[in-house]
Amino acid sequence: MQRLKYWQAISQGLVQCMERDPAVIITGIGVDDFKGIFGTTRAAFERFGAARVIDIPNCENAFAGIAIGAAAMGKRPVVVHPRNDFMFLAFDQIMNLAAKWKYMYQAKRGVPVVFRGIVGRGWGQGATHSQSLQSVFAHFPGLHVAVPASPADAKGLLVAALREDTPAVLLENRALYELEGDVPEEPVPIPFGKARIVREGTDVTIVGASLMAYEAARAADLLAEHGISAEVIDPRSLRPLDTGTILESLRKTGRLIVADTSWAMYGFSAEVAALAAEHGHACLKAPVRRVTPLDCPAPVSRPLEEAFHPTPMTIVRACLDVLELTATTSRALADVQARFPGPY
Amino acid sequence: MQRLKYWQAISQGLVQCMERDPAVIITGIGVDDFKGIFGTTRAAFERFGAARVIDIPNCENAFAGIAIGAAAMGKRPVVVHPRNDFMFLAFDQIMNLAAKWKYMYQAKRGVPVVFRGIVGRGWGQGATHSQSLQSVFAHFPGLHVAVPASPADAKGLLVAALREDTPAVLLENRALYELEGDVPEEPVPIPFGKARIVREGTDVTIVGASLMAYEAARAADLLAEHGISAEVIDPRSLRPLDTGTILESLRKTGRLIVADTSWAMYGFSAEVAALAAEHGHACLKAPVRRVTPLDCPAPVSRPLEEAFHPTPMTIVRACLDVLELTATTSRALADVQARFPGPY
Amino acid sequence: MSEVQESHSGAVVPRAAERPGVPECELLRAMLRIRCVEETLADLYAEQEMRTPTHFSIGQEAVAVGVCAALRRADVIYSGHRCHAHYLAKGGSLLGMVGELYGREIGTARGRGGSVHLAQPEVGVIASSAILGQTLAVAVGSAWAFAMDHAPRIAVAFFGDGAVEEGIFHESLNFAALHRVPVLFVCENNLYSTHSGLAVRQPAGRSIYERVGAYGITTEHVDGNDVLAVRQAASRAADHCRSGKGPYFLECATYRWREHVGPLWDYDRGYRTKEEVEQWMARCPIKRLTEHCLARGLCTPADVEAWRQEFRREVDAAVATARRSPFPRPEAILEGTY
Amino acid sequence: MSEVQESHSGAVVPRAAERPGVPECELLRAMLRIRCVEETLADLYAEQEMRTPTHFSIGQEAVAVGVCAALRRADVIYSGHRCHAHYLAKGGSLLGMVGELYGREIGTARGRGGSVHLAQPEVGVIASSAILGQTLAVAVGSAWAFAMDHAPRIAVAFFGDGAVEEGIFHESLNFAALHRVPVLFVCENNLYSTHSGLAVRQPAGRSIYERVGAYGITTEHVDGNDVLAVRQAASRAADHCRSGKGPYFLECATYRWREHVGPLWDYDRGYRTKEEVEQWMARCPIKRLTEHCLARGLCTPADVEAWRQEFRREVDAAVATARRSPFPRPEAILEGTY
Ligand SMILES: Cc1ncc(C[n+]2csc(CCOP(=O)(O)OP(=O)(O)O)c2C)c(N)n1
Ligand SMILES: Cc1ncc(C[n+]2csc(CCOP(=O)(O)OP(=O)(O)O)c2C)c(N)n1
Ligand SMILES: [Mg+2]
Ligand SMILES: [Mg+2]
């Protein structure tokens with residue numbers, strides 16, 4: 001196993017998939033520039049050049065369709081959105097065509113476009129550059145939607161997406177980009193719909209999506225210092241959702257916290273809480289708690305931004321709450337953004 | 001009280017609002033034609049003419065922005081989408097600008113655009129013409145989102161939307177258009193965030209959104225024939241959501257069914273079930289059940305379409321299920337679509 | 001390809017759609033067949049057994065037939081809500097279409113897609129869709145793939161004058177022109193988008209093809225009711241695209257006879273006049289080519305009548321088969337989602 | 001309006017932005033002030049106290065100043081991500097802007113919006129936004145409202161050459177041309193969208209304004225580094241719009257000196273050459289107008305230096321005030337959502 005950062009894992013995954021499958025192309029605004037989408041497309045461009053790593057005009061909607069049309073003719077386009085927020089403009093093509101293609105035409109094969117969208121957590125990106133849109137994408141049948149939270153998953157889910165015939169949306173959180181972890185050297189696919197048990201525990205289950213899987217693990221460390229054993233589950237993909245793993249954990253712990261980077265209302269945290277209400281009712285020992293951004297657009301100003309995003313401490317407090325404990329935690333955790341390199 | 005059909009109530013509400021507020025204009029593809037958006041804009045056009053009931057080119061995205069820009073200068077545009085599905089193209093303007101305007105600019109006033117979207121239930125409208133997008137809209141802070149299910153609500157919520165400074169999305173279900181009910185003659189606003197108790201009951205709470213509020217009431221009739229007392233709650237608006245009324249009912253009945261026209265996953269039914277898991281845990285006597293369309297794009301073929309949409313019978317079965325009863329119902333209910341006038 | 005193409009129903013599909021340069025009679029047969037299919041379906045529509053909103057192309061057949069006559073089987077086409085004629089002209093199975101409208105398992109999308117989602121990839125009908133402008137970009141993408149692979153194939157996007165107003169039209173033109181992809185844009189300008197005339201939708205005094213020309217795209221305006229002119233223009237266009245010269249834009253002036261959606265006539269609904277409809281009916285593309293062929297002795301009135309009957313039999317047989325054939329099983333409802 | 005405009009900070013805002021026909025020196029002062037503000041902020045940016053992605057307009061000041069000099073206070077403007085110059089030129093409060101970048105309650109959006117969301121409705125800066133093309137349509141909508149009310153006001157949309165590729169550009173032009181709304185489109189063509197040159201984004205051999213002309217919109221191309229030319233063109237445009245002749249499109253050739261986002265220089269990053277940057281710096285709009293004014297004796301080098309110092313003091317004061325002033329209270333985080 002090699003150690004790679006999150007962005008390096010993506011970069012490597014792209015290169016390896018392009019090596020093995022000549023149909024894979026990388027497309028998007030600025031994929032070929034010196035920044036190379038925070039480093040993720042740079043190696044591919046250096047290796048395969050402009051014929052397969054292709055800068056595009058600013059045309060989110062048409063380009064989603066163009067990728068679909070290329071996929072229908074056998075290509076496997078990766079479409080990169082430096083901010084997932086720009087994908088609003090492409091929703092029609094993604095939700096109304098790509099997601100429905102196989103069903104609506106009863107086609108032999110879906111249109112395997114892989115949409116990468118980056119959630120711009122960090123540095124006051126504000127209301128239109130730091131939303132997490134996973135819950136919206138995951139509402140629609142026909143898509144695969146994943147929110148990789150570790151370097152290995154970032155690579156593995158990408159590899160899976162590039163081998164399957166289902167259009168996929170991969171949302172990467174910018175705050176995870178410098179995170180380092182073990183990553184298989186080979187392009188081993190990680191199947192959609194299989195959760196990752198980040199840490200085993202017995203007192204409370206924390207399901208954390210995207211960055212919140214990482215923050216939940218940090219929260220679990222802190223809880224462990226107080227003798228509380230939290231099980232942390234990273235769903236990895238929201239569609240399909242591995243309900244089995246979540247429910248199994250719930251049966252063990254009887255307590256559930258759901259942490260997410262997208263809003264609570266009609267979001268991922270609602271779905272997992274609903275799962276508990278539907279299928280975990282008998283074993284639930286305490287109310288479910290959701291830990292999410294506050295119910296307002298993302299503010300820019302630092303103290304507001306810090307109040308807006310959930311942190312390990314918010315998760316810890318929610319856990320203590322459902323455990324009916326009032327232990328005051330001994331140490332505060334450094335904010336995940338402390339690692340973020342300014343000025344931008 | 002007058003008796004009006006759902007579409008007539010909307011039509012009347014529009015005319016009355018336009019009479020009282022010269023800033024109100026009605027815009028959208030075909031609002032001025034002989035069909036007049038299933039009759040809803042016809043009277044307004046006849047009364048106020050082309051200066052205030054304005055046909056537009058096919059440009060969903062720009063037009064949402066145009067309406068926002070007009071609203072910023074004091075107009076109150078109603079933007080009509082004959083299918084809510086076309087609004088995917090306008091999501092950027094609706095979610096990324098209208099919804100965030102007041103917050104992002106800390107403006108004195110939001111941009112009061114009222115987006116009417118019609119859910120095309122009926123006659124094999126298929127995958128891209130009969131989705132219900134309420135859960136997606138309601139995910140975003142800054143919007144008001146309502147799904148009127150009765151003639152009175154269709155008028156009252158519209159009147160409220162046209163008096164408030166918050167951008168609002170009103171989703172109307174085509175299958176409700178011929179429904180008749182009591183409607184106040186005057187334009188009395190019905191506030192967003194106040195649920196309607198459609199029918200009181202003690203054994204089980206059915207929360208039904210949009211068409212499902214109507215279907216839930218029909219289901220409750222049937223259940224009553226079997227001595228089962230169902231309380232039916234129509235949330236009316238999904239954002240804000242009247243959690244108080246729902247939880248109060250849940251405390252009374254201890255059992256919850258959530259019926260919706262949008263998909264279950266990450267949808268309205270998830271949110272209400274989550275509410276139960278968070279705040280109703282202590283009084284829940286049985287697992288929550290969700291009754292929603294199946295997890296696939298809407299099919300066209302009649303038997304599939306019938307299997308796809310939830311019906312009063314599906315709701316009845318879910319109720320019997322959580323009541324652990326197996327009573328076989330004596331009569332089947334006519335499908336809501338039986339009333340639908342073909343050929344289109 | 002040059003062989004005769006068997007449709008699902010076993011009926012002989014006119015060869016017009018398959019061979020560039022076929023004689024005029026083949027074009028006439030292809031148009032007659034489409035007209036016959038649509039008129040028959042329009043009559044049957046009132047029975048309320050085809051429960052799918054349906055946009056008939058009656059009056060606009062020359063565009064579909066003329067363009068597809070200039071294509072090869074390996075070329076692909078995309079269409080919008082008004083897709084019957086395109087689908088049939090490219091060689092789509094009649095039974096597949098009729099079955100689809102009747103919501104049967106035998107339909108080309110097994111009854112899941114309906115009238116606006118006709119597709120049959122084997123003959124190059126890749127997708128139709130009811131969201132305005134949606135497939136414009138998809139066609140560009142397919143053409144781009146051909147260009148990347150240096151394949152001698154082209155992609156065609158059929159769309160109306162209404163789709164032109166959508167942002168995706170501009171984005172698609174810009175991309176196609178920039179990358180010089182082999183896409184043929186075919187705009188069927190029938191003057192209306194639903195019930196709105198061009199005057200309330202697009203700036204006055206500017207034609208669509210002129211605006212497109214400003215992107216540096218080769219454009220041509222043609223009488224869309226003259227199938228020979230359409231075929232000729234489309235042949236030029238196809239050559240242009242295939243030889244690496246980039247996209248081509250063909251605007252075809254034509255007219256929809258029936259209501260926007262549904263089988264009825266609607267000249268009494270206020271948005272257009274009976275005179276206008278009649279004027280355009282006088283310019284019927286089928287009538288025009290029939291007269292052309294008769295005048296030149298390429299066929300006789302009896303031939304034409306025989307063809308009509310042939311197609312009538314074909315469509316009747318397809319309808320009968322469709323009606324006899326099973327609906328999808330409700331238990332199979334999720335199939336194809338993934 | 002003719003009075004001198006007080007900003008939040010009490011500093012005198014150059015009148016250039018407020019009176020058509022002001023002397024050249026006022027234009028020079030306005031540009032100098034914007035340059036001074038941005039250069040100061042760029043220097044301070046490294047301190048990492050302005051935690052908001054910031055797009056500097058350094059080098060492009062003439063467009064903002066020239067256009068706003070032709071506007072009235074009641075006219076409204078909209079901008080995109082690169083909005084500082086537009087905001088200041090229209091009379092936006094300096095302290096409101098600096099406070100916003102420092103994330104303080106005193107900011108024009110109380111610290112919620114950041115650098116890309118500058119707005120101050122009292123002076124006609126209605127909204128800026130970081131989604132490409134988004135405010136183009138909004139400006140059209142405001143202009144449409146003016147037209148409906150027969151108000152003698154116009155709306156201006158500032159945007160870059162990159163926004164032109166978005167579908168909303170086309171939809172907005174179509175609507176504006178169709179309804180002849182009093183909107184002035186100002187395209188600052190600085191040749192790049194992020195790090196991509198025009199050649200990889202738009203068809204070769206076609207200029208933007210020519211394509212726009214095809215919609216029937218009056219267009220003009222102007223040297224965007226010549227503030228006098230810009231003002232003149234903008235005055236023509238404003239007259240045109242105000243007199244009911246419909247939209248006007250002004251393409252201004254200009255150049256961004258610094259990196260796309262952030263305060264640094266980036267000519268060594270491969271996407272453009274140092275020579276190119278230097279050539280454009282030699283065409284600095286401020287240098288140009290300074291030479292013009294000096295040559296005509298409209299001001300002296302000492303005047304210019306005094307202005308520089310005046311503005312430097314003004315911006316230093318604004319920065320100092322902003323830094324001293326409180327952050328928003330976390331408890332107030334939900335305020336303004338509804
Ligand atoms: C994005 C979108 N907006 C609106 C509609 C509703 N609609 C369906 S067909 C149509 C008219 C299209 O006109 P045109 O493109 O000229 O095609 P025609 O019907 O004339 O063949 C409209 C507005 C739609 N299907 N999709
Ligand atoms: C819809 C959308 N797509 C992409 C981006 C990312 N983006 C921000 S600025 C920019 C370049 C814009 O270029 P241009 O319009 O020429 O303005 P300039 O930066 O040159 O002033 C891009 C691509 C965005 N903000 N919004
Ligand atoms: Mg048309
Ligand atoms: Mg630019």
# chains A, B, ... in the order shown; residues from 1 in each chain; ligands from 1

$ interface_residues --of "chain B" --to "chain A" --cutoff "6 Å" --atoms "only C-alpha atoms" --output "ChimeraX atom specification"
/B:88-89,91-92,136,139,141,265-268,270-271,273-274,277-278,281,287-289,295-296

$ closest_atom_pairs --of "segment 154-239 of chain D" --to "segment 167-180 of chain C" --cutoff "10 Å" --atoms "only C-alpha atoms" --output "tab-separated table"
residue	atom	partner	partner_atom	distance
D:Val164	CA	C:Glu171	CA	9.4
D:Glu165	CA	C:Glu171	CA	6.3
D:Glu166	CA	C:Glu171	CA	6.3
D:Gly167	CA	C:Gly167	CA	3.5
D:Ile168	CA	C:Gly167	CA	5.4
D:Phe169	CA	C:Gly167	CA	7.3
D:His170	CA	C:Gly167	CA	5.7
D:Glu171	CA	C:Gly167	CA	5.5
D:Ser172	CA	C:Gly167	CA	8.8
D:Asn174	CA	C:Gly167	CA	9.8
D:Ala199	CA	C:Leu178	CA	8.2
D:Val200	CA	C:Leu178	CA	7.4
D:Arg201	CA	C:Leu178	CA	6.8
D:Gln202	CA	C:Leu178	CA	5.6
D:Pro203	CA	C:Leu178	CA	4.3
D:Ala204	CA	C:Leu178	CA	7.1

$ residues_near_ligand --ligand "ligand 2" --cutoff "9 Å" --atoms "only C-alpha atoms and all ligand atoms" --output "MDAnalysis selection string"
(chainID A and resid 29:30 57:60 81:83 85:89 128:129) or (chainID B and resid 92) or (chainID D and resid 55:57 80:83 129:134 159:166 187:196 198 255:256 260:261)

$ residues_around --residues "Val304 of chain C" --least-positions-apart "2" --cutoff "9 Å" --atoms "only C-alpha atoms" --output "list in words"
Leu28, Arg29, Leu32, Thr290, Cys299, Thr300, Pro301, Ala302, Ala306, Trp307, Arg308 and Gln309 of chain C

$ closest_atom_pairs --of "chain D" --to "chain A" --cutoff "6 Å" --atoms "only C-alpha atoms" --output "tab-separated table"
residue	atom	partner	partner_atom	distance
D:Gln48	CA	A:Pro343	CA	5.8
D:Arg51	CA	A:Trp123	CA	5.0
D:Thr52	CA	A:Gly124	CA	4.8
D:Gly103	CA	A:Ser301	CA	4.2
D:Gly111	CA	A:Ser301	CA	5.0
D:Arg112	CA	A:Pro299	CA	4.5
D:Gly113	CA	A:Val300	CA	5.8
D:Gly114	CA	A:Val300	CA	5.7
D:Glu165	CA	A:Asn58	CA	5.4
D:Glu166	CA	A:Cys59	CA	5.0
D:Arg201	CA	A:Pro57	CA	4.5
D:Pro330	CA	A:Leu304	CA	5.2
D:Leu334	CA	A:Cys296	CA	5.8
D:Thr337	CA	A:Cys296	CA	5.7

$ atom_distance --atom1 "atom CA of Ala127 of chain C" --atom2 "atom CA of Arg236 of chain C"
24.2 Å

$ closest_residue --among "D:Val125, D:Leu298, D:Leu95, D:Ala214" --to "chain C" --atoms "only C-alpha atoms"
D:Ala214

$ atom_distance --atom1 "atom CA of Pro112 of chain B" --atom2 "atom CA of Asn84 of chain B"
18.6 Å

$ select_by_dssp --residues "segment 60-108 of chain B" --states "alpha helix (DSSP H)" --output "PyMOL selection string"
chain B and resi 60-72+91-93+99-104
